[in-house]
Amino acid sequence: MTTAGATAVIGTPCTHCGLAVPPALITAGDGPQFCCAGCSAVYDILQSHGLSAYYRFGERREAAVRSSGRSYEEFDHPAFAELYVQQAGGGRMRTELYLEGVHCASCVWLVERVPLLLPGVARAELDIRRSLARVEWDSAAVSLSQLARALDRLGYAPHPFRGVARDAMRKREDRAMLTRIGVAGALAGNVMLAAGALYSGEFSGMESRYAELFRWMSLALTLPAVVFPGRVFFTGAWAALRTRTLHMDLPIAIAIAAALTRGAINTVTNSGPIYFDGVCILIFLLLVGRFLQQRGQRAATDAAELLYALAPTTARVVDADGTERELPAVALLPGMEVQVRAGESFPADGVIALGRTAVNAALLTGESMPTSARVSDRVFAGTLNVMAPVRVRVEESGETSRLAKILRQVEGSAQRRAPIVALANRMSGWFVAVVLALAVVTFLIWLPRDQALAWDHAIALLIVTCPCALALATPLAVTVAVGRAARAGIFIKGGDALELLSRPGEMVLDKTGTLTEGVTSLVAWWGDEAVKPLVLALEAGSSHPIADGFRRAWPAMAIAPASDVVHHAGGGISGTVNGTAVVVGSPRFVTARARGGEQYLARLTESALTPVFVAVDGVIVAAAAIGDRVRDDAGVALQALRLRGWHTTLLSGDDSAVARAVGAQLGFAASDAQGAASPEEKLAQLQQRVDIQRRSGRPVVMVGDGVNDAAAIAAASVGIGVHGGAEACLATADVYLTTPGIEPLVRLVEGSARTMRVIRRNIGFALCYNAAGVVLAMTGVISPFIAALLMPASSLTVLLGSYLGTTFVPASAPSVVFVPSDVTDRRERAA
Amino acid sequence: MSVLFIVVPLALIVVLAAVVAYIWSARAGQYDDLDTPAVRMLHDDDAAPPKEGR
C-alpha cells in the first residue's frame with residue numbers, strides 16, 4: 001500500500017485517485033480534475049450522498065476507477081440465487097461477493113457506505129484480508145444486480161463467491177476451536193495458580209487442609225478441561241487406533257488419561273503427586289499450536305475458490321433478428337453470436353464475425369502489446385477487447401474454453417502440493433513410537449522396585465515428552481515470520497514456501513509486468529527536443545498503444561491543435577500542427593515520406609522496442625523507442641539473487657527477439673532467456689524443471705503476474721505473484737508482493753533462510769528439553785515440580801526464540817529494528 | 001487463613017463468568033475477522049482525518 005502523497009505525480013493529480021490527469025481531460029478553473037470517467041462518477045456519487053469524508057483518508061486507493069459498466073442481470077437469475085444466495089430472515093437475503101480492487105482502509109469505508117447509496121441494502125461488511133463483502137438486502141426493495149452495479153460503479157467489480165457454504169462451515173470450526181482454546185487457557189491459568197500455592201507450600205510448610213483444598217480445586221478445574229477442550233485428543237487418538245496408524249494424538253491422549261486418573265486417585269487418597277497443572281497446560285499449548293497450523297494451511301485452499309470468481313460470468317448474445325439479450329456465460333453454445341464492447345473481456349473462445357479491433361491477450365499469452373484482430377481471427381475467453389466493439393461467433397465456451405482449461409490445470413497443480421505435510425506426519429509417527437516405547441521401558445525398569453513409583457515415573461515421562469514445544473516450534477516461527485513479512489510488503493500464504501525458499505534453486509521469471517513495468521511507455525528519445533509538442537499534438541486523438549506511450553511520457557505538456565490528421569493503418573499518423581507538416585510512425589512509413597534519419601536506424605534495430613520516426617516538413621528530426629520499460633530495480637535484484645546461488649531463467653510469452661533483448665540487458669545467459677512460450681508451454685517447462693530438481697531437493701520458483709503464468713505458478717515448488725498482477729495469478733501464488741518491483745524477492749529469500757534457522761533452533765531447544773526430561777524421568781530423579789517447570793519453560797523458550805529472532809525486516813529500514821542480546825542472532829547478522 | 005475456603009470458590013465463580021463471557025463472544029463471531037475492525041474504527045464520520053501509523 002502506498003500513500004497518496006508518497007508517489008510524485010507529474011502534472012495535475014486526479015481529485016479522486018491521485019494519478020496524473022491526461023492533458024486532454026484537464027478542465028479549466030480550480031474545480032476537481034479527473035483522470036477518467038470512472039473517477040468522475042465516483043466523485044459525483046460521493047459528493048451527492050454527503051460522503052466527501054472519503055477524501056480525508058491519508059491512505060486512499062491509488063488507481064483509476066475501472067467500472068465495467070455491466071448490467072449484472074445474471075445475479076437476479078433464480079439459478080444464481082440457488083447457488084449463492086441465502087435467506088437471512090425478515091425478507092432479507094444474504095450473499096458474499098468477492099470484490100476486485102480492494103486495498104486499504106478507505107475501501108472498507110466506501111464499501112460499507114453502500115447502504116447509504118442504495119436504499120434497501122441493509123448491511124455491507126468487508127473482510128479486507130480476503131476481499132470478501134458480505135451483503136444483506138431487502139429483496140422487495142432492491143435487487144442483487146442493482147447492488148452489484150452500485151459496487152461496480154465505485155470501482156469494485158463484484159464476483160459471486162463459490163465458497164459460501166464451505167465458508168460457513170469453516171467459520172463454525174474456527175469458533176469452536178477458539179472456544180476450546182479460551183476455556184483451556186482459563187482453566188490452565190487457574191490450575192497453575194493452585195499449583196503455585198502447592199509448590200511453595202511444599203517448600204515452606206502448609207497446613208494439610210489448605211493443601212487438600214488446592215488439590216481438590218485443581219481436580220475440579222482439570223476435569224472440565226479434559227472433558228471439553230481435551231476431548232479432541234481422545235477422538236483423534238481413537239480415530240488413529242481404528243485406522244491402525246501412529247498419530248501424535250495417541251501419546252497425548254494416553255498421557256492425559258493416565259495423569260488424570262493417577263492424579264485423581266492421589267487426590268482422593270491425599271497422597272503422592274497430582275499432575276493436573278501439567279495436564280491443563282498440555283491441553284492448552286497443544287490446542288494453540290494446532291490452531292496456528294490450521295490457519296496457515298487454510299489460505300491455500302481459499303485460492304482455488306477465487307479463481308472461479310474471476311472468469312467472466314455474462315455475455316451479450318445477438319439473436320438472428322439482431323436483438324441483444326444478456327445470458328450467463330456458461331449458457332453460451334457454439335454457433336451463437338455475442339457482442340463484445342470495447343473494454344470488455346471475451347466471454348468465450350470464438351472467431352470474429354463482424355468488426356475489427358485490437359485484442360490484449362496478455363492474460364493468456366503475456367504479450368505486452370495488443371494485437372489487431374479482424375474478421376475470422378480467433379479470440380479467446382478472458383482476453384480483453386481493447387479498441388472497438390466486435391461480434392464474435394462462439395466456438396468453445398464455459399468448461400471447454402482455453403481459459404477454463406488453464407484454470408483447471410492451476411487447480412490440479414495446487415492440489416498436488418502435499419508431500420511436505422506427508423513427511424511431517426511420518427516423522428511424528430516415529431516420535432510417537434519412541435515416546436511410547438520409552439514410557440513402557442521406564443515402567444518396566446521401576447516395576448520390580450515399587451509399583452507406585454513405576455506409575456509415577458512413566459506418567460512423568462509422558463508429560464515431559466509431550467510435544468508442546470515441538471508442536472509450537474514450527475507454526476509459531478512461521479506465524480511470526482509471515483506477520484513480519486506482510487508488514488514488509490510480502491504476503492506469504494503457507495509455511496512450506498518459507499522452507500522451500502530457504503535454499504537456493506532455480507528461479508524462473510516472467511517478463512511482461514514482472515521484470516518490466518507491463519505498460520507501453522516512451523523508453524528513449526533521440527534528436528530534436530523541440531518537436532515533442534508537435535508529436536503529442538498529433539497523437540492526442542489516437543487510441544493506438546504508441547500514442548498512449550507518448551501521452552504517458554509527457555502528461556504535463558500543453559497540446560496544440562492539430563489539423564488534417566490522417567491515420568495510416570499499420571504505418572503511422574500525419575497532420576499539420578502550427579502550420580508545419582508532421583509525420584510520426586514506423587521507420588519504413590516515415591522514410592517513404594521524408595529525408596534523413598539514417599543515424600537513428602542502427603540504434604533502433606538492436607533493441608526490443610518499437611521504433612518511431614518523427615519528420616517535420618519532410619526532414620526526419622527525431623526518433624523514439626516505445627516499449628515496455630524494464631523495472632529500475634530488476635538488474636540489481638537479479639544480481640543479488642545470483643550471488644546467493646540462485647539460477648535465474650527468463651520465460652516469456654512475448655516475442656523471442658524481445659525476450660532475448662531484455663534477457664541480455666538483465667544479464668541472463670542467452671540460453672536462459674526464452675520467448676514465445678504459451679501458458680501451456682510454461683506449465684510444461686515448470687513441471688519438467690520441478691521433476692528434474694525433485695531428487696536434489698532444490699526449489700523451482702516461478703515469478704509472474706498474469707493469468708498466463710497462473711498454471712506455471714501453481715506447478716512450481718513456490719509460485720510468486722508480483723505487485724499489480726492479475727487476481728488469478730495472485731490467487732494461485734504461494735507468495736505475493738504488495739510493493740512494486742522485484743527487489744522484495746531478495747528480502748523474501750533472505751527472510752526465508754533466517755526463518756528456517758529460527759525454526760531449527762526452536763526444534764533443537766524443544767528436543768533438548770525433551771531429552772533432558774526423558775533422562776530425568778527414566779532415572780527417577782524427576783519430581784512433578786520439575787516436570788511442571790520443564791514443560792512451560794520449553795514452550796517459553798520457543799516463544800521467545802520465535803519473537804526475538806530476526807526474520808523479515810521492513811523495506812524502509814534496512815538495518816535490524818529489534819536487537820535482541822542473543823548470541824545466535826548476532827552471528828546471523830554478521831553473516 | 002480459613003478465609004481461603006470462601007475466597008477460592010468465589011474466585012472460581014468469577015472465572016466461570018469470564019469463561020462464559022468469552023464463549024459467548026467467540027460463538028457470536030467476534031473473532032471471525034480480526035483485520036477489518038481495526039481499520040473500521042478509523043471511520044468515524046465526523047472525526048478528524050485518520051493519521052498514518054507510519
# chains A, B, ... in the order shown; residues from 1 in each chain; ligands from 1
>>> residues_around(residues="Leu16 of chain B", least_positions_apart="3", cutoff="12 Å", atoms="only C-alpha atoms", output="list in words")
Gly182, Val183, Ala186, Leu187, Asn190, Leu221 and Pro224 of chain A; Pro9, Leu10, Ala11, Leu12, Ile13, Val19, Val20, Ala21, Tyr22 and Ile23 of chain B
>>> write_last_selection(atoms="C-alpha atoms", output="mmCIF file, in the first residue's frame")
data_model
loop_
_atom_site.group_PDB
_atom_site.id
_atom_site.type_symbol
_atom_site.label_atom_id
_atom_site.label_comp_id
_atom_site.auth_asym_id
_atom_site.auth_seq_id
_atom_site.Cartn_x
_atom_site.Cartn_y
_atom_site.Cartn_z
ATOM 1 C CA GLY A 182 -10.078 -19.939 25.582
ATOM 2 C CA VAL A 183 -11.606 -22.388 28.034
ATOM 3 C CA ALA A 186 -8.611 -20.036 31.580
ATOM 4 C CA LEU A 187 -8.651 -23.407 33.330
ATOM 5 C CA ASN A 190 -6.207 -21.212 37.462
ATOM 6 C CA LEU A 221 -10.835 -27.445 37.180
ATOM 7 C CA PRO A 224 -13.831 -29.919 32.591
ATOM 8 C CA PRO B 9 -14.720 -20.729 45.413
ATOM 9 C CA LEU B 10 -15.647 -17.076 44.904
ATOM 10 C CA ALA B 11 -12.664 -16.656 42.575
ATOM 11 C CA LEU B 12 -13.782 -19.737 40.673
ATOM 12 C CA ILE B 13 -17.209 -18.173 40.184
ATOM 13 C CA VAL B 19 -15.263 -18.054 30.603
ATOM 14 C CA VAL B 20 -18.984 -17.785 29.848
ATOM 15 C CA ALA B 21 -18.491 -14.266 28.506
ATOM 16 C CA TYR B 22 -15.629 -15.467 26.335
ATOM 17 C CA ILE B 23 -17.616 -18.408 24.968
#
>>> select_by_dssp(residues="segment 183-332 of chain A", states="strand (DSSP E)", output="list in words")
Thr314, Ala315, Arg316, Val317, Val318, Glu324, Arg325, Glu326, Leu327 and Pro328 of chain A
>>> residues_around(residues="Ser794 of chain A", least_positions_apart="2", cutoff="7 Å", atoms="only C-alpha atoms", output="number ranges by chain")
A: 469, 766, 769, 790-792, 796-798
>>> select_by_dssp(residues="segment 116-243 of chain A", states="alpha helix (DSSP H)", output="number ranges by chain")
A: 116-117, 144-153, 164-204, 208-227, 231-242
>>> interface_residues(of="chain A", to="chain B", cutoff="8 Å", atoms="only C-alpha atoms", output="JSON, numbers by chain")
{"A": [53, 56, 57, 58, 59, 105, 108, 109, 126, 127, 128, 129, 171, 174, 175, 176, 178, 179, 182, 183, 186, 213]}
>>> write_last_selection(atoms="C-alpha atoms", output="PDB file, in the first residue's frame")
ATOM      1  CA  ALA A  53     -15.156  12.393   4.122  1.00  0.00           C
ATOM      2  CA  ARG A  56      -9.776  12.893   4.151  1.00  0.00           C
ATOM      3  CA  PHE A  57      -8.144   9.468   4.275  1.00  0.00           C
ATOM      4  CA  GLY A  58      -4.388   9.727   4.222  1.00  0.00           C
ATOM      5  CA  GLU A  59      -4.225   6.378   2.526  1.00  0.00           C
ATOM      6  CA  ALA A 105      -8.905   1.399   4.901  1.00  0.00           C
ATOM      7  CA  VAL A 108     -13.621  -0.631   3.724  1.00  0.00           C
ATOM      8  CA  TRP A 109     -15.167   2.749   4.392  1.00  0.00           C
ATOM      9  CA  LEU A 126     -15.995  -6.059   4.041  1.00  0.00           C
ATOM     10  CA  ASP A 127     -13.355  -8.533   5.148  1.00  0.00           C
ATOM     11  CA  ILE A 128     -10.294  -6.692   3.955  1.00  0.00           C
ATOM     12  CA  ARG A 129      -7.883  -9.610   4.141  1.00  0.00           C
ATOM     13  CA  LYS A 171     -16.394 -20.274  10.484  1.00  0.00           C
ATOM     14  CA  ASP A 174     -12.932 -21.690  13.865  1.00  0.00           C
ATOM     15  CA  ARG A 175     -15.301 -20.502  16.549  1.00  0.00           C
ATOM     16  CA  ALA A 176     -15.385 -23.931  18.181  1.00  0.00           C
ATOM     17  CA  LEU A 178     -11.296 -20.597  19.691  1.00  0.00           C
ATOM     18  CA  THR A 179     -13.813 -21.519  22.374  1.00  0.00           C
ATOM     19  CA  GLY A 182     -10.078 -19.939  25.582  1.00  0.00           C
ATOM     20  CA  VAL A 183     -11.606 -22.388  28.034  1.00  0.00           C
ATOM     21  CA  ALA A 186      -8.611 -20.036  31.580  1.00  0.00           C
ATOM     22  CA  LEU A 213      -8.334 -27.521  49.255  1.00  0.00           C
TER      23      LEU A 213
END
